[in-house]
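Colleague: Next up, data-v5.pdb (PDB, C-alpha atoms).
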```pdb
ATOM      1  CA  MET A   1      83.445 134.715 112.125  1.00  0.00           C
ATOM      2  CA  ASN A   2      87.061 134.429 111.021  1.00  0.00           C
ATOM      3  CA  ILE A   3      90.091 136.600 110.238  1.00  0.00           C
ATOM      4  CA  GLN A   4      89.385 136.635 106.496  1.00  0.00           C
ATOM      5  CA  GLU A   5      85.887 138.059 107.119  1.00  0.00           C
ATOM      6  CA  ILE A   6      87.346 140.784 109.318  1.00  0.00           C
ATOM      7  CA  GLU A   7      89.963 141.635 106.692  1.00  0.00           C
ATOM      8  CA  LYS A   8      87.217 141.786 104.063  1.00  0.00           C
ATOM      9  CA  ALA A   9      85.189 144.147 106.292  1.00  0.00           C
ATOM     10  CA  GLN A  10      88.281 146.325 106.740  1.00  0.00           C
ATOM     11  CA  GLU A  11      88.812 146.463 102.983  1.00  0.00           C
ATOM     12  CA  LYS A  12      85.142 147.391 102.504  1.00  0.00           C
ATOM     13  CA  TRP A  13      85.485 150.148 105.135  1.00  0.00           C
ATOM     14  CA  GLY A  14      88.603 151.546 103.432  1.00  0.00           C
ATOM     15  CA  ASN A  15      86.949 151.453  99.999  1.00  0.00           C
ATOM     16  CA  GLY A  16      83.958 153.295 101.466  1.00  0.00           C
ATOM     17  CA  ILE A  17      86.177 156.079 102.808  1.00  0.00           C
ATOM     18  CA  VAL A  18      87.797 156.421  99.362  1.00  0.00           C
ATOM     19  CA  LYS A  19      84.358 156.491  97.666  1.00  0.00           C
ATOM     20  CA  ILE A  20      83.110 159.254  99.990  1.00  0.00           C
ATOM     21  CA  GLY A  21      86.048 161.424  98.885  1.00  0.00           C
ATOM     22  CA  GLU A  22      85.352 160.634  95.230  1.00  0.00           C
ATOM     23  CA  LEU A  23      81.766 161.887  95.681  1.00  0.00           C
ATOM     24  CA  LYS A  24      82.635 165.105  97.532  1.00  0.00           C
ATOM     25  CA  ASP A  25      81.637 167.363  94.622  1.00  0.00           C
ATOM     26  CA  THR A  26      78.132 165.874  94.368  1.00  0.00           C
ATOM     27  CA  ILE A  27      76.867 166.783  97.825  1.00  0.00           C
ATOM     28  CA  LYS A  28      73.525 164.966  97.768  1.00  0.00           C
ATOM     29  CA  GLU A  29      74.998 161.743  96.373  1.00  0.00           C
ATOM     30  CA  CYS A  30      77.922 161.950  98.811  1.00  0.00           C
ATOM     31  CA  ARG A  31      75.561 162.380 101.775  1.00  0.00           C
ATOM     32  CA  MET A  32      73.343 159.484 100.664  1.00  0.00           C
ATOM     33  CA  PHE A  33      76.332 157.203 100.098  1.00  0.00           C
ATOM     34  CA  THR A  34      77.824 158.120 103.482  1.00  0.00           C
ATOM     35  CA  LEU A  35      74.559 157.449 105.312  1.00  0.00           C
ATOM     36  CA  ASP A  36      74.368 154.056 103.596  1.00  0.00           C
ATOM     37  CA  PHE A  37      78.028 153.398 104.444  1.00  0.00           C
ATOM     38  CA  ILE A  38      77.408 154.187 108.130  1.00  0.00           C
ATOM     39  CA  SER A  39      74.257 152.047 108.150  1.00  0.00           C
ATOM     40  CA  LYS A  40      76.022 149.040 106.631  1.00  0.00           C
ATOM     41  CA  MET A  41      79.370 149.321 108.413  1.00  0.00           C
ATOM     42  CA  TYR A  42      78.345 150.408 111.937  1.00  0.00           C
ATOM     43  CA  ASP A  43      75.761 149.045 114.385  1.00  0.00           C
ATOM     44  CA  TYR A  44      73.940 152.286 115.199  1.00  0.00           C
ATOM     45  CA  GLU A  45      70.736 150.414 114.349  1.00  0.00           C
ATOM     46  CA  ASN A  46      71.005 148.560 117.668  1.00  0.00           C
ATOM     47  CA  GLY A  47      72.093 151.417 119.893  1.00  0.00           C
ATOM     48  CA  ILE A  48      75.150 153.465 120.630  1.00  0.00           C
ATOM     49  CA  VAL A  49      78.381 152.694 118.819  1.00  0.00           C
ATOM     50  CA  GLN A  50      81.538 153.511 120.751  1.00  0.00           C
ATOM     51  CA  PHE A  51      83.169 155.758 118.127  1.00  0.00           C
ATOM     52  CA  LYS A  52      86.174 157.956 118.938  1.00  0.00           C
ATOM     53  CA  PRO A  53      87.463 159.314 115.610  1.00  0.00           C
ATOM     54  CA  THR A  54      91.018 160.483 115.037  1.00  0.00           C
ATOM     55  CA  LYS A  55      90.415 164.176 114.380  1.00  0.00           C
ATOM     56  CA  ALA A  56      87.748 164.951 116.976  1.00  0.00           C
ATOM     57  CA  SER A  57      88.524 166.795 120.195  1.00  0.00           C
ATOM     58  CA  ASP A  58      85.571 169.044 121.091  1.00  0.00           C
ATOM     59  CA  ALA A  59      82.932 166.374 120.460  1.00  0.00           C
ATOM     60  CA  GLN A  60      85.349 163.498 120.745  1.00  0.00           C
ATOM     61  CA  PHE A  61      82.820 160.660 120.979  1.00  0.00           C
ATOM     62  CA  ARG A  62      80.307 159.973 118.207  1.00  0.00           C
ATOM     63  CA  GLY A  63      77.583 157.738 119.608  1.00  0.00           C
ATOM     64  CA  ASP A  64      74.917 158.331 116.955  1.00  0.00           C
ATOM     65  CA  VAL A  65      74.507 158.485 113.172  1.00  0.00           C
ATOM     66  CA  LYS A  66      74.239 162.298 113.071  1.00  0.00           C
ATOM     67  CA  SER A  67      77.592 162.790 114.773  1.00  0.00           C
ATOM     68  CA  ALA A  68      79.307 160.053 112.727  1.00  0.00           C
ATOM     69  CA  LEU A  69      77.973 161.574 109.494  1.00  0.00           C
ATOM     70  CA  SER A  70      79.332 164.955 110.521  1.00  0.00           C
ATOM     71  CA  TYR A  71      82.751 163.467 111.199  1.00  0.00           C
ATOM     72  CA  PHE A  72      82.952 161.820 107.789  1.00  0.00           C
ATOM     73  CA  ILE A  73      81.509 164.661 105.640  1.00  0.00           C
ATOM     74  CA  GLY A  74      81.212 167.752 107.871  1.00  0.00           C
ATOM     75  CA  SER A  75      78.637 170.513 107.265  1.00  0.00           C
ATOM     76  CA  ASP A  76      76.819 170.140 110.594  1.00  0.00           C
ATOM     77  CA  SER A  77      76.744 173.273 112.739  1.00  0.00           C
ATOM     78  CA  ASP A  78      76.429 171.138 115.887  1.00  0.00           C
ATOM     79  CA  PHE A  79      79.953 169.847 115.177  1.00  0.00           C
ATOM     80  CA  SER A  80      81.860 172.932 114.099  1.00  0.00           C
ATOM     81  CA  GLU A  81      85.249 171.180 114.329  1.00  0.00           C
ATOM     82  CA  ASP A  82      84.326 168.747 111.537  1.00  0.00           C
ATOM     83  CA  SER A  83      85.618 169.479 108.067  1.00  0.00           C
ATOM     84  CA  GLY A  84      84.773 166.033 106.735  1.00  0.00           C
ATOM     85  CA  PHE A  85      87.594 163.570 107.331  1.00  0.00           C
ATOM     86  CA  ALA A  86      86.596 161.359 104.389  1.00  0.00           C
ATOM     87  CA  LEU A  87      86.392 164.298 101.968  1.00  0.00           C
ATOM     88  CA  ASN A  88      90.198 164.676 101.956  1.00  0.00           C
ATOM     89  CA  PRO A  89      89.993 162.817  99.417  1.00  0.00           C
ATOM     90  CA  TRP A  90      91.872 159.645 100.239  1.00  0.00           C
ATOM     91  CA  VAL A  91      92.828 157.388  97.336  1.00  0.00           C
ATOM     92  CA  ASN A  92      93.724 154.327  99.398  1.00  0.00           C
ATOM     93  CA  VAL A  93      93.307 152.918 102.905  1.00  0.00           C
ATOM     94  CA  ASP A  94      95.436 149.976 104.042  1.00  0.00           C
ATOM     95  CA  PHE A  95      94.953 148.099 107.305  1.00  0.00           C
ATOM     96  CA  GLU A  96      97.904 146.535 109.097  1.00  0.00           C
ATOM     97  CA  ASN A  97      96.507 144.361 111.866  1.00  0.00           C
ATOM     98  CA  ASN A  98      98.669 143.871 114.918  1.00  0.00           C
ATOM     99  CA  SER A  99      96.191 141.436 116.458  1.00  0.00           C
ATOM    100  CA  ILE A 100      92.674 140.137 115.995  1.00  0.00           C
ATOM    101  CA  ASN A 101      90.834 138.416 118.833  1.00  0.00           C
ATOM    102  CA  ILE A 102      87.688 136.463 118.002  1.00  0.00           C
ATOM    103  CA  ILE A 103      85.317 135.178 120.680  1.00  0.00           C
ATOM    104  CA  ASN A 104      82.134 133.614 119.324  1.00  0.00           C
ATOM    105  CA  ASP A 105      80.374 136.389 117.361  1.00  0.00           C
ATOM    106  CA  ILE A 106      82.539 139.255 118.630  1.00  0.00           C
ATOM    107  CA  ALA A 107      85.968 140.326 117.387  1.00  0.00           C
ATOM    108  CA  ILE A 108      88.425 143.076 118.213  1.00  0.00           C
ATOM    109  CA  ALA A 109      91.101 144.140 115.745  1.00  0.00           C
ATOM    110  CA  MET A 110      93.951 146.490 116.612  1.00  0.00           C
ATOM    111  CA  GLY A 111      96.763 147.906 114.556  1.00  0.00           C
ATOM    112  CA  ASN A 112      97.568 150.741 112.184  1.00  0.00           C
ATOM    113  CA  TYR A 113      95.810 151.925 109.104  1.00  0.00           C
ATOM    114  CA  PHE A 114      97.372 154.078 106.466  1.00  0.00           C
ATOM    115  CA  PHE A 115      95.491 156.758 104.531  1.00  0.00           C
ATOM    116  CA  THR A 116      97.064 157.798 101.234  1.00  0.00           C
ATOM    117  CA  SER A 117      96.123 161.165  99.721  1.00  0.00           C
ATOM    118  CA  LYS A 118      95.935 162.022  96.027  1.00  0.00           C
ATOM    119  CA  ASP A 119      99.318 163.776  96.525  1.00  0.00           C
ATOM    120  CA  ASN A 120     100.739 160.361  97.499  1.00  0.00           C
ATOM    121  CA  LEU A 121     101.222 161.392 101.144  1.00  0.00           C
ATOM    122  CA  THR A 122     100.470 158.666 103.682  1.00  0.00           C
ATOM    123  CA  VAL A 123      99.124 159.242 107.192  1.00  0.00           C
ATOM    124  CA  LYS A 124      99.566 156.487 109.761  1.00  0.00           C
ATOM    125  CA  VAL A 125      96.740 156.159 112.291  1.00  0.00           C
ATOM    126  CA  GLU A 126      96.383 153.709 115.175  1.00  0.00           C
ATOM    127  CA  TYR A 127      93.038 151.961 115.500  1.00  0.00           C
ATOM    128  CA  THR A 128      90.938 149.506 117.456  1.00  0.00           C
ATOM    129  CA  PHE A 129      87.744 148.228 115.851  1.00  0.00           C
ATOM    130  CA  GLY A 130      85.217 145.994 117.578  1.00  0.00           C
ATOM    131  CA  TYR A 131      83.016 143.851 115.338  1.00  0.00           C
ATOM    132  CA  LYS A 132      79.923 141.779 115.915  1.00  0.00           C
ATOM    133  CA  LEU A 133      77.550 139.834 113.746  1.00  0.00           C
ATOM    134  CA  ARG A 134      74.257 141.514 112.844  1.00  0.00           C
ATOM    135  CA  ASN A 135      71.982 139.396 110.674  1.00  0.00           C
ATOM    136  CA  GLY A 136      74.973 137.360 109.526  1.00  0.00           C
ATOM    137  CA  LYS A 137      77.098 140.405 108.568  1.00  0.00           C
ATOM    138  CA  LEU A 138      79.974 142.027 110.411  1.00  0.00           C
ATOM    139  CA  VAL A 139      79.310 145.509 111.770  1.00  0.00           C
ATOM    140  CA  ILE A 140      81.448 147.842 113.846  1.00  0.00           C
ATOM    141  CA  ASP A 141      80.298 148.611 117.375  1.00  0.00           C
ATOM    142  CA  LEU A 142      83.628 150.014 118.609  1.00  0.00           C
ATOM    143  CA  HIS A 143      85.887 152.350 116.620  1.00  0.00           C
ATOM    144  CA  HIS A 144      88.753 154.167 118.273  1.00  0.00           C
ATOM    145  CA  SER A 145      91.533 155.789 116.291  1.00  0.00           C
ATOM    146  CA  SER A 146      94.310 158.214 117.080  1.00  0.00           C
ATOM    147  CA  LEU A 147      97.497 159.623 115.695  1.00  0.00           C
ATOM    148  CA  PRO A 148     100.663 157.965 117.038  1.00  0.00           C
ATOM    149  CA  PHE A 149     102.230 159.573 120.088  1.00  0.00           C
ATOM    150  CA  SER A 150     105.115 161.887 119.369  1.00  0.00           C
ATOM    151  CA  VAL A 151     107.297 163.959 121.645  1.00  0.00           C
TER     152      VAL A 151
END
```
When written as structure tokens, how does the structure in this file appear?
Modeller:
Amino acid sequence: MNIQEIEKAQEKWGNGIVKIGELKDTIKECRMFTLDFISKMYDYENGIVQFKPTKASDAQFRGDVKSALSYFIGSDSDFSEDSGFALNPWVNVDFENNSINIINDIAIAMGNYFFTSKDNLTVKVEYTFGYKLRNGKLVIDLHHSSLPFSV
């Protein structure tokens, strides 16, 4: 595992978020793509992922696929606060890593990522992602993001 692989995984994650928004008008295809995205990007296959999304406060932790899916695309009555973060739609996601620590087959990246809307508005979000190798591919097993503190 190296920094370039982590940066590639971050780019893939950002492109996936953009693609979900592009598919928002074809509900079935959007849902299928998002499930595949979650399956490939996160390690829910091997248990609970520590996922604390930016815009979640009632059900602030998303430890299973069902709750992660709801966060990204909404439409789940068990998570009434979710409107589908990835459906915005975003046209670009850029990661700005502050630090990346790699220990054997585990890595933690921390920094800011920037979500750009189709109206060319950019939202800065702080993040920490934990990665591990699963069958030779990087997957996320920790995802915490929040809006920057303001007074």
Colleague: Which residues come within 12 Å of stretch 97-112 of chain A, counting only C-alpha atoms, excluding same-chain residues fewer than 5 positions away, as a ChimeraX atom specification?
Modeller: /A:1-7,9-11,122-148
Colleague: Would you write out, as a ChimeraX atom specification, every residue that the PyMOL selection byres ((chain A and resi 34) around 8) captures in this file?
Modeller: /A:20,30-33,35-38,69,72-73
Colleague: Given the file above and the PyMOL selection byres ((chain A and resi 58) around 10), which residues are selected, and can you give them as number ranges by chain?
Modeller: A: 55-57, 59-61, 79-82
Colleague: Could you tell me how far atom CA of A:Ser150 sits from atom CA of A:Ala86, in Å to one decimal place?
Modeller: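 Between atom CA of A:Ala86 and atom CA of A:Ser150 the gap works out to 23.8 Å.
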Colleague: Could you please give me, as a list in words, the residues of protein, DNA or RNA lying at most 12 Å from (99.4, 161.4, 101.5) in the coordinate frame of the file, considering all atoms listed in the file?
Modeller: Asn88, Pro89, Trp90, Val91, Asn92, Val93, Phe114, Phe115, Thr116, Ser117, Lys118, Asp119, Asn120, Leu121, Thr122, Val123 and Lys124 of chain A
Colleague: Quick check, in Å to one decimal: how far apart do atom CA of A:Gly63 and atom CA of A:Tyr42 lie?
Modeller: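 Here the two named atoms are 10.6 Å from each other.
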Colleague: Would you please work out which residue, of A:Val151, A:Ala68, A:Leu23, A:Leu87, is nearest to A:Pro53 when using all atoms listed in the file?
Modeller: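 When distances to A:Pro53 are compared using all atoms listed in the file, the smallest one comes from A:Ala68.
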Colleague: As lines of an AutoDock Vina configuration file, please: the centre and edge lengths in Å, to one decimal, of an axis-aligned box enclosing every listed atom of stretch 68-86 of chain A with 6 Å added on each side.
Modeller:
```
center_x = 82.0
center_y = 166.7
center_z = 110.1
size_x = 23.2
size_y = 25.2
size_z = 23.5
```
Colleague: State, in Å with one decimal place, the distance from atom CA of A:Tyr113 to atom CA of A:Phe95.
Modeller: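 Between these atoms lies a distance of 4.3 Å.
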